[in-house]
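Participant: File name upload-v8.cif; file contents mmCIF, C-alpha atoms (C1' of nucleotides); full text below.
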```cif
data_run
loop_
_atom_site.label_atom_id
_atom_site.label_comp_id
_atom_site.auth_asym_id
_atom_site.auth_seq_id
_atom_site.Cartn_x
_atom_site.Cartn_y
_atom_site.Cartn_z
CA MET A 986 93.87 108.41 98.27
CA THR A 987 97.27 109.68 98.95
CA THR A 988 97.20 113.28 100.02
CA GLU A 989 95.18 116.33 99.26
CA THR A 990 93.29 117.15 96.15
CA THR A 991 92.87 120.68 97.43
CA THR A 992 92.64 122.53 94.17
CA GLY A 993 92.42 125.81 96.07
CA LYS A 994 95.18 128.31 96.22
CA ARG A 995 96.64 127.22 99.51
CA PRO A 996 96.87 123.47 99.86
CA GLY A 997 99.46 123.14 102.61
CA GLY A 998 99.61 122.98 106.37
CA ARG A 999 96.66 124.09 108.33
CA SER A 1000 94.06 124.20 105.61
CA ALA A 1001 94.93 120.64 104.84
CA ALA A 1002 94.65 119.68 108.48
CA VAL A 1003 91.19 121.18 108.71
CA LEU A 1004 90.21 119.41 105.54
CA VAL A 1005 91.33 116.06 106.86
CA ALA A 1006 89.70 116.57 110.23
CA VAL A 1007 86.41 117.55 108.66
CA LYS A 1008 86.53 114.68 106.25
CA ARG A 1009 87.08 112.16 109.01
CA ALA A 1010 84.41 113.68 111.18
CA LEU A 1011 81.92 113.58 108.35
CA GLU A 1012 82.65 109.98 107.50
CA ASP A 1013 82.40 108.88 111.08
CA LEU A 1014 79.15 110.67 111.68
CA MET A 1015 77.58 109.41 108.49
CA ALA A 1016 78.50 105.85 109.35
CA GLU A 1017 77.19 106.19 112.89
CA ARG A 1018 73.94 107.89 112.08
CA GLY A 1019 72.41 108.13 108.62
CA SER A 1020 73.47 110.73 106.12
CA ASP A 1021 70.41 112.48 107.37
CA ARG A 1022 70.72 113.22 111.06
CA VAL A 1023 74.03 114.87 110.38
CA THR A 1024 74.40 118.64 110.48
CA ILE A 1025 77.25 120.98 109.75
CA PRO A 1026 77.63 122.20 113.35
CA MET A 1027 77.88 118.56 114.36
CA VAL A 1028 80.64 117.84 111.92
CA ALA A 1029 82.49 120.98 112.89
CA GLU A 1030 82.39 120.16 116.55
CA ARG A 1031 83.59 116.61 116.03
CA ALA A 1032 86.37 117.91 113.82
CA GLY A 1033 87.39 120.52 116.38
CA VAL A 1034 86.85 123.24 113.83
CA ASN A 1035 84.76 126.34 113.81
CA PRO A 1036 81.47 125.87 111.96
CA THR A 1037 82.11 129.07 110.07
CA SER A 1038 85.05 127.52 108.33
CA VAL A 1039 82.92 124.68 107.15
CA TYR A 1040 80.17 126.94 105.93
CA ARG A 1041 82.60 129.10 104.06
CA ARG A 1042 84.35 126.26 102.40
CA TRP A 1043 81.44 124.09 101.40
CA GLY A 1044 78.25 126.01 101.87
CA ASP A 1045 75.97 123.11 102.68
CA LEU A 1046 75.99 119.45 103.54
CA PRO A 1047 75.15 117.90 100.19
CA SER A 1048 77.95 119.84 98.50
CA MET A 1049 80.29 118.73 101.20
CA ILE A 1050 79.33 115.10 100.80
CA ASN A 1051 79.80 115.22 97.07
CA ASP A 1052 83.14 116.89 97.42
CA ILE A 1053 84.44 114.55 100.05
CA ALA A 1054 83.23 111.43 98.30
CA THR A 1055 85.89 112.31 95.77
CA TYR A 1056 88.76 111.43 98.01
CA ARG A 1057 88.18 107.76 98.16
CA LEU A 1058 90.22 105.05 96.59
CA ASP A 1059 93.54 106.37 95.35
CA PRO A 1060 93.27 106.97 91.61
CA ASN A 1061 96.98 106.28 91.18
CA ARG A 1062 97.14 103.01 93.02
CA PRO A 1063 98.71 100.16 91.05
CA MET A 1064 96.30 97.77 89.42
CA ALA A 1065 96.97 94.07 89.05
CA ASP A 1066 98.56 93.23 85.72
CA THR A 1067 98.89 89.49 85.42
CA GLY A 1068 98.45 89.19 81.69
CA ASP A 1069 95.13 87.48 82.22
CA LEU A 1070 92.05 89.64 81.74
CA ARG A 1071 89.81 87.65 83.99
CA GLU A 1072 92.32 87.65 86.78
CA ASP A 1073 93.00 91.37 86.51
CA LEU A 1074 89.31 92.15 86.54
CA THR A 1075 88.67 89.91 89.49
CA SER A 1076 91.29 91.46 91.72
CA TRP A 1077 90.26 94.94 90.65
CA THR A 1078 86.66 94.10 91.46
CA ALA A 1079 87.58 92.53 94.77
CA GLU A 1080 89.26 95.73 95.78
CA PHE A 1081 86.14 97.64 94.91
CA VAL A 1082 84.07 95.30 97.06
CA ARG A 1083 86.51 95.58 99.91
CA HIS A 1084 86.43 99.35 99.72
CA TYR A 1085 82.66 99.51 100.03
CA SER A 1086 82.56 96.91 102.77
CA ILE A 1087 83.85 99.63 105.05
CA PRO A 1088 80.76 101.23 106.59
CA ALA A 1089 82.02 104.78 106.22
CA ASN A 1090 82.54 104.32 102.51
CA ALA A 1091 79.18 102.69 102.08
CA ALA A 1092 77.52 105.55 103.91
CA LEU A 1093 79.22 108.01 101.62
CA LEU A 1094 78.01 106.17 98.56
CA ARG A 1095 74.44 106.08 99.79
CA ALA A 1096 74.52 109.74 100.63
CA GLY A 1097 75.96 110.59 97.24
CA ALA A 1098 73.09 108.78 95.59
CA ALA A 1099 70.63 111.24 97.04
CA THR A 1100 72.14 114.21 95.27
CA ALA A 1101 73.48 112.41 92.25
CA GLY A 1102 71.23 113.76 89.54
CA GLU A 1103 73.21 114.07 86.33
CA THR A 1104 76.82 113.46 87.21
CA GLU A 1105 78.35 110.33 88.64
CA THR A 1106 80.40 110.88 91.73
CA ASP A 1107 84.05 111.18 90.96
CA CYS A 1108 84.65 107.89 92.66
CA LEU A 1109 82.44 106.00 90.28
CA ARG A 1110 83.67 107.92 87.29
CA ASN A 1111 87.18 106.85 88.20
CA ARG A 1112 86.09 103.24 88.28
CA ARG A 1113 84.84 103.62 84.74
CA ALA A 1114 88.19 105.03 83.67
CA GLU A 1115 90.03 102.16 85.32
CA ALA A 1116 87.85 99.65 83.58
CA GLY A 1117 88.92 101.30 80.34
CA VAL A 1118 92.58 101.04 81.30
CA ILE A 1119 92.33 97.35 82.01
CA LEU A 1120 90.50 96.64 78.81
CA ASP A 1121 92.99 98.65 76.77
CA ARG A 1122 95.79 96.38 77.91
CA PHE A 1123 94.10 93.60 76.05
CA GLY A 1124 93.55 95.43 72.82
CA GLY A 1125 90.23 96.95 73.70
CA ASP A 1126 88.23 94.76 71.33
CA GLY A 1127 87.73 91.78 73.59
CA PRO A 1128 84.47 90.08 74.47
CA VAL A 1129 83.40 92.77 76.93
CA SER A 1130 83.17 96.55 76.85
CA ALA A 1131 83.62 99.14 79.57
CA GLU A 1132 79.89 99.60 79.59
CA ASP A 1133 79.42 95.89 80.23
CA ILE A 1134 81.71 96.16 83.20
CA ILE A 1135 79.70 99.02 84.62
CA ASP A 1136 76.41 97.23 84.02
CA HIS A 1137 77.33 93.78 85.24
CA VAL A 1138 80.08 94.27 87.79
CA ILE A 1139 80.00 97.77 89.21
CA ALA A 1140 76.23 98.19 89.20
CA PRO A 1141 75.41 94.97 91.06
CA ILE A 1142 77.96 95.83 93.69
CA VAL A 1143 76.65 99.33 94.09
CA TYR A 1144 73.14 97.94 94.35
CA ARG A 1145 74.19 95.60 97.11
CA VAL A 1146 76.11 98.28 98.94
CA ILE A 1147 73.03 100.45 98.97
CA TYR A 1148 70.26 97.97 99.60
CA GLN A 1149 71.77 94.72 100.80
CA PRO A 1150 75.16 95.32 102.36
CA HIS A 1151 75.19 91.95 104.07
CA THR A 1152 75.22 90.09 100.76
CA LEU A 1153 78.69 91.34 99.92
CA SER A 1154 81.38 88.74 100.40
CA ASP A 1155 84.65 87.50 99.02
CA ALA A 1156 82.66 85.41 96.59
CA THR A 1157 81.00 88.44 95.04
CA ALA A 1158 83.83 89.61 92.81
CA PRO A 1159 84.69 86.28 91.17
CA LYS A 1160 81.01 85.47 90.75
CA LEU A 1161 80.27 88.68 88.90
CA VAL A 1162 83.37 88.57 86.77
CA ASN A 1163 82.65 84.99 85.82
CA PHE A 1164 79.17 85.90 84.78
CA LEU A 1165 80.50 88.84 82.81
CA MET A 1166 83.00 86.74 80.94
CA GLY A 1167 80.58 84.02 80.07
CA THR A 1168 81.43 81.12 82.33
CA ARG A 1169 78.33 80.03 84.13
CA MET B 267 48.41 103.30 92.02
CA THR B 268 44.72 103.96 91.79
CA THR B 269 43.54 106.96 93.79
CA GLU B 270 43.95 108.03 97.39
CA THR B 271 45.57 105.96 100.05
CA THR B 272 44.14 108.25 102.68
CA THR B 273 43.50 105.79 105.46
CA GLY B 274 42.47 108.55 107.82
CA LYS B 275 39.02 109.12 109.12
CA ARG B 276 38.14 111.93 106.79
CA PRO B 277 39.34 111.16 103.31
CA GLY B 278 37.13 113.51 101.33
CA GLY B 279 37.39 117.00 99.92
CA ARG B 280 39.91 119.22 101.47
CA SER B 281 42.17 116.74 103.19
CA ALA B 282 42.49 114.89 99.94
CA ALA B 283 43.29 118.11 98.13
CA VAL B 284 46.04 118.91 100.59
CA LEU B 285 47.42 115.42 100.27
CA VAL B 286 47.58 115.64 96.51
CA ALA B 287 49.06 119.13 96.52
CA VAL B 288 51.74 118.13 98.98
CA LYS B 289 52.55 114.98 97.10
CA ARG B 290 52.98 116.84 93.86
CA ALA B 291 55.02 119.58 95.49
CA LEU B 292 57.32 117.06 97.10
CA GLU B 293 57.87 115.11 93.91
CA ASP B 294 58.56 118.26 91.94
CA LEU B 295 61.00 119.64 94.46
CA MET B 296 62.82 116.36 94.81
CA ALA B 297 63.22 116.13 91.07
CA GLU B 298 64.42 119.73 90.80
CA ARG B 299 66.87 119.74 93.66
CA GLY B 300 68.13 116.63 95.43
CA SER B 301 66.04 114.88 98.05
CA ASP B 302 68.34 116.70 100.37
CA ARG B 303 68.04 120.40 99.73
CA VAL B 304 64.32 120.01 100.29
CA THR B 305 62.68 121.16 103.51
CA ILE B 306 59.17 120.90 104.83
CA PRO B 307 58.46 124.65 104.76
CA MET B 308 59.56 124.57 101.13
CA VAL B 309 57.14 121.81 100.25
CA ALA B 310 54.34 123.51 102.16
CA GLU B 311 54.84 126.78 100.36
CA ARG B 312 54.94 125.16 96.94
CA ALA B 313 51.80 123.22 97.80
CA GLY B 314 50.03 126.34 99.02
CA VAL B 315 49.50 124.75 102.40
CA ASN B 316 50.37 125.78 105.91
CA PRO B 317 53.59 124.15 107.15
CA THR B 318 51.85 123.18 110.35
CA SER B 319 49.54 120.88 108.47
CA VAL B 320 52.48 119.09 106.97
CA TYR B 321 54.29 118.78 110.29
CA ARG B 322 51.22 117.41 111.98
CA ARG B 323 50.44 114.89 109.31
CA TRP B 324 53.90 113.56 108.62
CA GLY B 325 56.24 114.81 111.29
CA ASP B 326 59.39 114.89 109.23
CA LEU B 327 60.67 114.61 105.72
CA PRO B 328 61.84 111.00 105.63
CA SER B 329 58.47 109.80 106.87
CA MET B 330 56.84 111.91 104.24
CA ILE B 331 59.00 110.48 101.51
CA ASN B 332 58.37 106.94 102.65
CA ASP B 333 54.66 107.52 102.81
CA ILE B 334 54.44 109.09 99.41
CA ALA B 335 56.67 106.49 97.83
CA THR B 336 53.84 104.05 98.43
CA TYR B 337 52.10 105.20 95.31
CA ARG B 338 54.49 103.51 92.95
CA LEU B 339 53.89 100.88 90.29
CA ASP B 340 50.73 98.91 90.91
CA PRO B 341 51.70 95.56 92.44
CA ASN B 342 48.63 93.88 90.95
CA ARG B 343 49.17 94.93 87.38
CA PRO B 344 49.14 92.08 84.88
CA MET B 345 52.51 90.85 83.72
CA ALA B 346 53.17 89.67 80.20
CA ASP B 347 52.79 85.91 79.82
CA THR B 348 53.73 84.92 76.32
CA GLY B 349 55.13 81.51 77.07
CA ASP B 350 58.60 82.75 76.18
CA LEU B 351 60.85 83.57 79.12
CA ARG B 352 62.98 86.03 77.27
CA GLU B 353 60.00 87.91 75.96
CA ASP B 354 58.27 88.04 79.34
CA LEU B 355 61.40 89.31 81.01
CA THR B 356 61.97 91.93 78.36
CA SER B 357 58.56 93.48 78.60
CA TRP B 358 58.66 93.34 82.39
CA THR B 359 62.04 95.05 82.34
CA ALA B 360 60.89 97.64 79.84
CA GLU B 361 58.10 98.61 82.16
CA PHE B 362 60.58 99.02 84.97
CA VAL B 363 62.71 101.27 82.80
CA ARG B 364 59.71 103.30 81.74
CA HIS B 365 58.65 103.78 85.34
CA TYR B 366 61.99 105.18 86.39
CA SER B 367 62.32 107.35 83.34
CA ILE B 368 59.81 109.63 84.99
CA PRO B 369 61.90 112.18 86.89
CA ALA B 370 59.71 112.15 89.98
CA ASN B 371 60.07 108.39 90.32
CA ALA B 372 63.79 108.59 89.78
CA ALA B 373 64.07 111.24 92.47
CA LEU B 374 62.15 109.01 94.83
CA LEU B 375 64.49 106.13 94.15
CA ARG B 376 67.53 108.28 94.82
CA ALA B 377 66.00 109.51 98.03
CA GLY B 378 65.31 105.97 99.11
CA ALA B 379 68.89 105.02 98.41
CA ALA B 380 70.15 107.63 100.81
CA THR B 381 68.26 106.16 103.74
CA ALA B 382 68.31 102.53 102.65
CA GLY B 383 70.65 100.91 105.14
CA GLU B 384 69.30 97.41 105.56
CA THR B 385 65.98 97.26 103.80
CA GLU B 386 65.17 97.64 100.14
CA THR B 387 62.41 100.05 99.29
CA ASP B 388 59.02 98.47 98.81
CA CYS B 389 59.25 99.10 95.13
CA LEU B 390 62.45 97.14 94.71
CA ARG B 391 61.33 94.36 96.97
CA ASN B 392 58.25 93.97 94.82
CA ARG B 393 60.38 93.75 91.71
CA ARG B 394 62.29 90.90 93.29
CA ALA B 395 59.03 89.09 94.03
CA GLU B 396 57.86 89.58 90.47
CA ALA B 397 61.09 88.17 89.12
CA GLY B 398 60.38 85.10 91.17
CA VAL B 399 56.87 84.84 89.76
CA ILE B 400 58.08 84.97 86.18
CA LEU B 401 60.78 82.40 86.78
CA ASP B 402 58.35 80.05 88.52
CA ARG B 403 56.22 79.91 85.41
CA PHE B 404 59.10 78.23 83.68
CA GLY B 405 59.81 75.65 86.31
CA GLY B 406 62.21 77.70 88.34
CA ASP B 407 65.28 75.71 87.37
CA GLY B 408 66.09 77.51 84.13
CA PRO B 409 69.38 79.06 83.12
CA VAL B 410 68.94 82.12 85.35
CA SER B 411 68.06 82.70 88.98
CA ALA B 412 66.19 85.52 90.66
CA GLU B 413 69.49 86.73 92.02
CA ASP B 414 70.89 86.90 88.49
CA ILE B 415 67.97 89.08 87.50
CA ILE B 416 68.62 91.44 90.36
CA ASP B 417 72.33 91.59 89.62
CA HIS B 418 72.24 91.93 85.87
CA VAL B 419 68.93 93.57 85.05
CA ILE B 420 67.59 95.47 88.03
CA ALA B 421 70.92 96.65 89.38
CA PRO B 422 72.22 98.15 86.12
CA ILE B 423 68.96 100.00 85.67
CA VAL B 424 68.99 101.29 89.21
CA TYR B 425 72.58 102.38 88.73
CA ARG B 426 71.67 104.31 85.64
CA VAL B 427 68.62 105.86 87.23
CA ILE B 428 70.75 107.13 90.05
CA TYR B 429 73.92 108.20 88.29
CA GLN B 430 73.23 108.39 84.57
CA PRO B 431 69.54 108.89 83.93
CA HIS B 432 70.12 110.03 80.37
CA THR B 433 71.51 106.64 79.36
CA LEU B 434 68.15 104.95 79.84
CA SER B 435 66.39 104.21 76.58
CA ASP B 436 64.09 101.72 74.89
CA ALA B 437 67.17 99.72 74.02
CA THR B 438 68.14 99.22 77.64
CA ALA B 439 65.70 96.47 78.55
CA PRO B 440 66.34 94.14 75.58
CA LYS B 441 70.07 94.70 75.86
CA LEU B 442 70.21 93.69 79.50
CA VAL B 443 67.91 90.73 79.11
CA ASN B 444 69.91 89.48 76.14
CA PHE B 445 73.09 89.71 78.14
CA LEU B 446 71.44 87.91 81.02
CA MET B 447 70.24 85.07 78.85
CA GLY B 448 73.52 84.56 77.11
CA THR B 449 73.05 85.96 73.64
CA ARG B 450 75.78 88.47 72.97
"C1'" DG C 1224 113.20 136.17 106.96
"C1'" DG C 1225 109.27 139.55 105.45
"C1'" DG C 1226 105.09 141.09 102.87
"C1'" DG C 1227 100.65 140.06 101.05
"C1'" DA C 1228 96.79 137.18 100.73
"C1'" DA C 1229 94.09 133.39 102.02
"C1'" DT C 1230 91.97 131.00 105.75
"C1'" DT C 1231 90.54 130.36 110.32
"C1'" DG C 1232 88.43 131.71 114.76
"C1'" DC C 1233 85.26 134.46 117.36
"C1'" DA C 1234 81.01 136.74 118.43
"C1'" DA C 1235 76.77 138.75 117.41
"C1'" DA C 1236 72.91 139.17 114.36
"C1'" DA C 1237 69.69 137.20 111.12
"C1'" DA C 1238 67.14 133.64 109.21
"C1'" DT C 1239 65.04 129.25 109.43
"C1'" DC C 1240 63.03 125.31 111.40
"C1'" DG C 1241 59.97 122.80 114.25
"C1'" DT C 1242 56.62 123.03 118.23
"C1'" DT C 1243 52.46 124.35 120.67
"C1'" DG C 1244 47.99 126.46 121.96
"C1'" DC C 1245 44.20 128.30 120.02
"C1'" DT C 1246 40.85 129.62 116.36
"C1'" DT C 1247 38.57 128.75 112.11
"C1'" DT C 1248 37.07 125.96 108.35
"C1'" DA C 1249 34.69 122.21 106.37
"C1'" DG C 1250 33.53 117.07 105.86
"C1'" DC C 1251 30.27 113.67 107.44
"C1'" DG C 1252 26.45 111.45 109.77
"C1'" DA C 1253 22.01 112.14 111.87
"C1'" DT D 116 19.88 121.37 107.59
"C1'" DC D 117 22.40 120.97 111.97
"C1'" DG D 118 25.80 119.57 115.15
"C1'" DC D 119 30.01 117.17 115.98
"C1'" DT D 120 34.60 116.69 115.19
"C1'" DA D 121 38.68 115.99 112.24
"C1'" DA D 122 41.75 118.70 109.93
"C1'" DA D 123 43.70 123.23 108.39
"C1'" DG D 124 45.15 127.86 109.38
"C1'" DC D 125 47.27 131.35 112.32
"C1'" DA D 126 50.50 133.34 115.56
"C1'" DA D 127 53.98 133.22 118.82
"C1'" DC D 128 57.84 130.94 120.88
"C1'" DG D 129 62.35 128.45 121.62
"C1'" DA D 130 65.97 126.17 119.54
"C1'" DT D 131 69.08 125.50 116.03
"C1'" DT D 132 71.20 126.73 111.91
"C1'" DT D 133 73.43 130.01 108.88
"C1'" DT D 134 75.34 134.43 107.80
"C1'" DT D 135 78.37 138.34 108.41
"C1'" DG D 136 81.98 141.68 110.03
"C1'" DC D 137 86.31 141.86 112.08
"C1'" DA D 138 90.63 140.36 114.26
"C1'" DA D 139 94.18 136.87 114.49
"C1'" DT D 140 96.69 133.30 112.35
"C1'" DT D 141 99.57 131.12 108.92
"C1'" DC D 142 100.82 129.77 104.44
"C1'" DC D 143 103.12 130.90 99.96
"C1'" DC D 144 106.36 133.59 97.24
"C1'" DC D 145 109.93 136.91 96.85
#
```
What does this structure look like when you write it as structure tokens?

Facilitator:
Amino acid sequence: MTTETTTGKRPGGRSAAVLVAVKRALEDLMAERGSDRVTIPMVAERAGVNPTSVYRRWGDLPSMINDIATYRLDPNRPMADTGDLREDLTSWTAEFVRHYSIPANAALLRAGAATAGETETDCLRNRRAEAGVILDRFGGDGPVSAEDIIDHVIAPIVYRVIYQPHTLSDATAPKLVNFLMGTR
Amino acid sequence: MTTETTTGKRPGGRSAAVLVAVKRALEDLMAERGSDRVTIPMVAERAGVNPTSVYRRWGDLPSMINDIATYRLDPNRPMADTGDLREDLTSWTAEFVRHYSIPANAALLRAGAATAGETETDCLRNRRAEAGVILDRFGGDGPVSAEDIIDHVIAPIVYRVIYQPHTLSDATAPKLVNFLMGTR
DNA sequence: GGGGAATTGCAAAAATCGTTGCTTTAGCGA
DNA sequence: TCGCTAAAGCAACGATTTTTGCAATTCCCC
């Protein structure tokens, strides 16, 4: 993420500072303790912000978590473009794995799962879009579809992040991409 | 699940009624709102039970969720054994999909994800064991491993349950198993 | 710079949650 | 049927969370 996605009417200066402070505090607390065991007053105190501000801006914790989970992983970051589909996918996937190897990010993902319901988090939706971008470079009618990428690359990683974080490694990305593309 | 898991000293009549009412109330509420956004007083009211009873029996919400999640998917149910690996896997997978197509079960899975940390839920751990059982029937050294099944069958389904429940259908199981076994 | 509006901070009130002691209900064995 | 006791209900309390009204700050646009 680069800067602020504050869609509100006053994105600059202090509001932004509060936003950043709260975001960091929330991430830290969620990584330290579970996504349960975190309360708004707690976050506010850690952020050095008045609880009222938090309440007014987000209302409650689940909303806050969903909103803040949005910030992750810069949507405009450059993606590898080597001319080789497998290679591009692998480095893109590796970055995804690396991102969720950071405890704070993993905690955010797990917490988001609880409230997920009907809509993917923005973070995951962005991954889907990126998968589309990569595929489009290669004509879009290759051996795999965006849905395949979600099912067989993103999903296994998400599963591991949630239930078996210790099984994530540098080998994960190439392994999954290889399976996806048919080399076993 | 069969009937009551009430291990207490007085399983009959009223206690059982309370247990069932609370269980139903909790499942309903978790399906309606997220597993967050549910409180014990809320559950008690919906169940027509005094909050104190709930507090005394379970203590807090996570414990309650864990306890009630025990009900899921009979571990001793018979599994298809047709002599054909693909067919066995498909029907086993279809049952998994069917189970999590029920909103209450999906809500429970999402809730479990939020608190997962290091350990899979019992339900998922059992699925892993079953995958092993099926593979063992066929010598255990076939084209796929238990890990492959987790990555490419279970994980995509779990992902959909959590983030895109409406994409689950009767076609999901055969599609994933076919991909797993190399027919595309 | 200066005006208007959004946002924050502060403080007090209101609501909610979770606990505890006690009373009442009702299952279970004799 | 009766007594014992586990479990549920009730009421009051303290602690924490959440809301709300108002003053002070500070950002954006002219």

Participant: Just so the selection is clear, what residues does the PyMOL selection byres ((chain A and resi 1087) around 12) cover here, as a ChimeraX atom specification?

Facilitator: /A:1012-1013,1016,1057-1058,1080-1086,1088-1094,1146,1150-1151,1153

Participant: Check which residues satisfy the PyMOL selection byres ((chain D and resi 131-141) around 10) in the file shown, then give them as a list in words.

Facilitator: Gly998, Arg999, Ser1000, Thr1024, Ile1025, Pro1026, Pro1036, Thr1037, Tyr1040, Arg1041, Gly1044 and Asp1045 of chain A; DA1229, DT1230, DT1231, DG1232, DC1233, DA1234, DA1235, DA1236, DA1237, DA1238, DT1239, DC1240 and DG1241 of chain C; DG129, DA130, DC142 and DC143 of chain D

Participant: What are the residues of chain A that have an atom within 8 Å of an atom of chain B, counting only C-alpha atoms, as a PyMOL selection string?

Facilitator: chain A and resi 1019-1021+1047+1095-1106+1135-1137+1140-1141+1143-1144+1147-1150+1167

Participant: Once the least-squares fit of chain B onto chain A is done over all Cα atoms matched in order, how many Å of RMSD are left?

Facilitator: 1.6 Å

Participant: Rank B:Ala395, B:Leu327, B:Ala437, B:Ala291 by their smallest atom-to-atom distance to chain C, using only C-alpha atoms (C1' of nucleotides), and report the top residue only.

Facilitator: B:Leu327

Participant: Quick one, how far is atom CA of Ser319 of chain B from atom C1' of DT1248 of chain C?

Facilitator: 13.5 Å

Participant: Could you check how far atom CA of Thr1075 of chain A sits from atom CA of Asp407 of chain B, in Å to one decimal?

Facilitator: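 A separation of 27.4 Å between them.
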
Participant: Find the distance between atom CA of Pro1063 of chain A and atom CA of Gly1124 of chain A and write it in Å to one decimal.

Facilitator: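 Distance reported for this atom pair: 19.5 Å.
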
Participant: Show me, as a ChimeraX atom specification, the residues that have an atom within 12 Å of DG1252 of chain C when counting only C-alpha atoms (C1' of nucleotides), minus same-chain residues fewer than 5 positions from it.

Facilitator: /D:117-120

Participant: Calculate, to one decimal in Å, the centre and edge lengths of the box along x, y and z of the file that holds all listed atoms of segment 1130-1142 of chain A with 5 Å of margin on each side, and present them as JSON.

Facilitator:
```
{"center_x": 79.5, "center_y": 96.7, "center_z": 85.3, "size_x": 18.2, "size_y": 15.8, "size_z": 26.8}
```

Participant: Distance limit 12 Å, atoms considered: only C-alpha atoms (C1' of nucleotides). Which chain D residues sit that close to chain B? Return them as a list of chain:residue names.

Facilitator: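 For chain D, the answer reads D:DT120, D:DA121, D:DA122, D:DA123, D:DG124, D:DC125, D:DA126.
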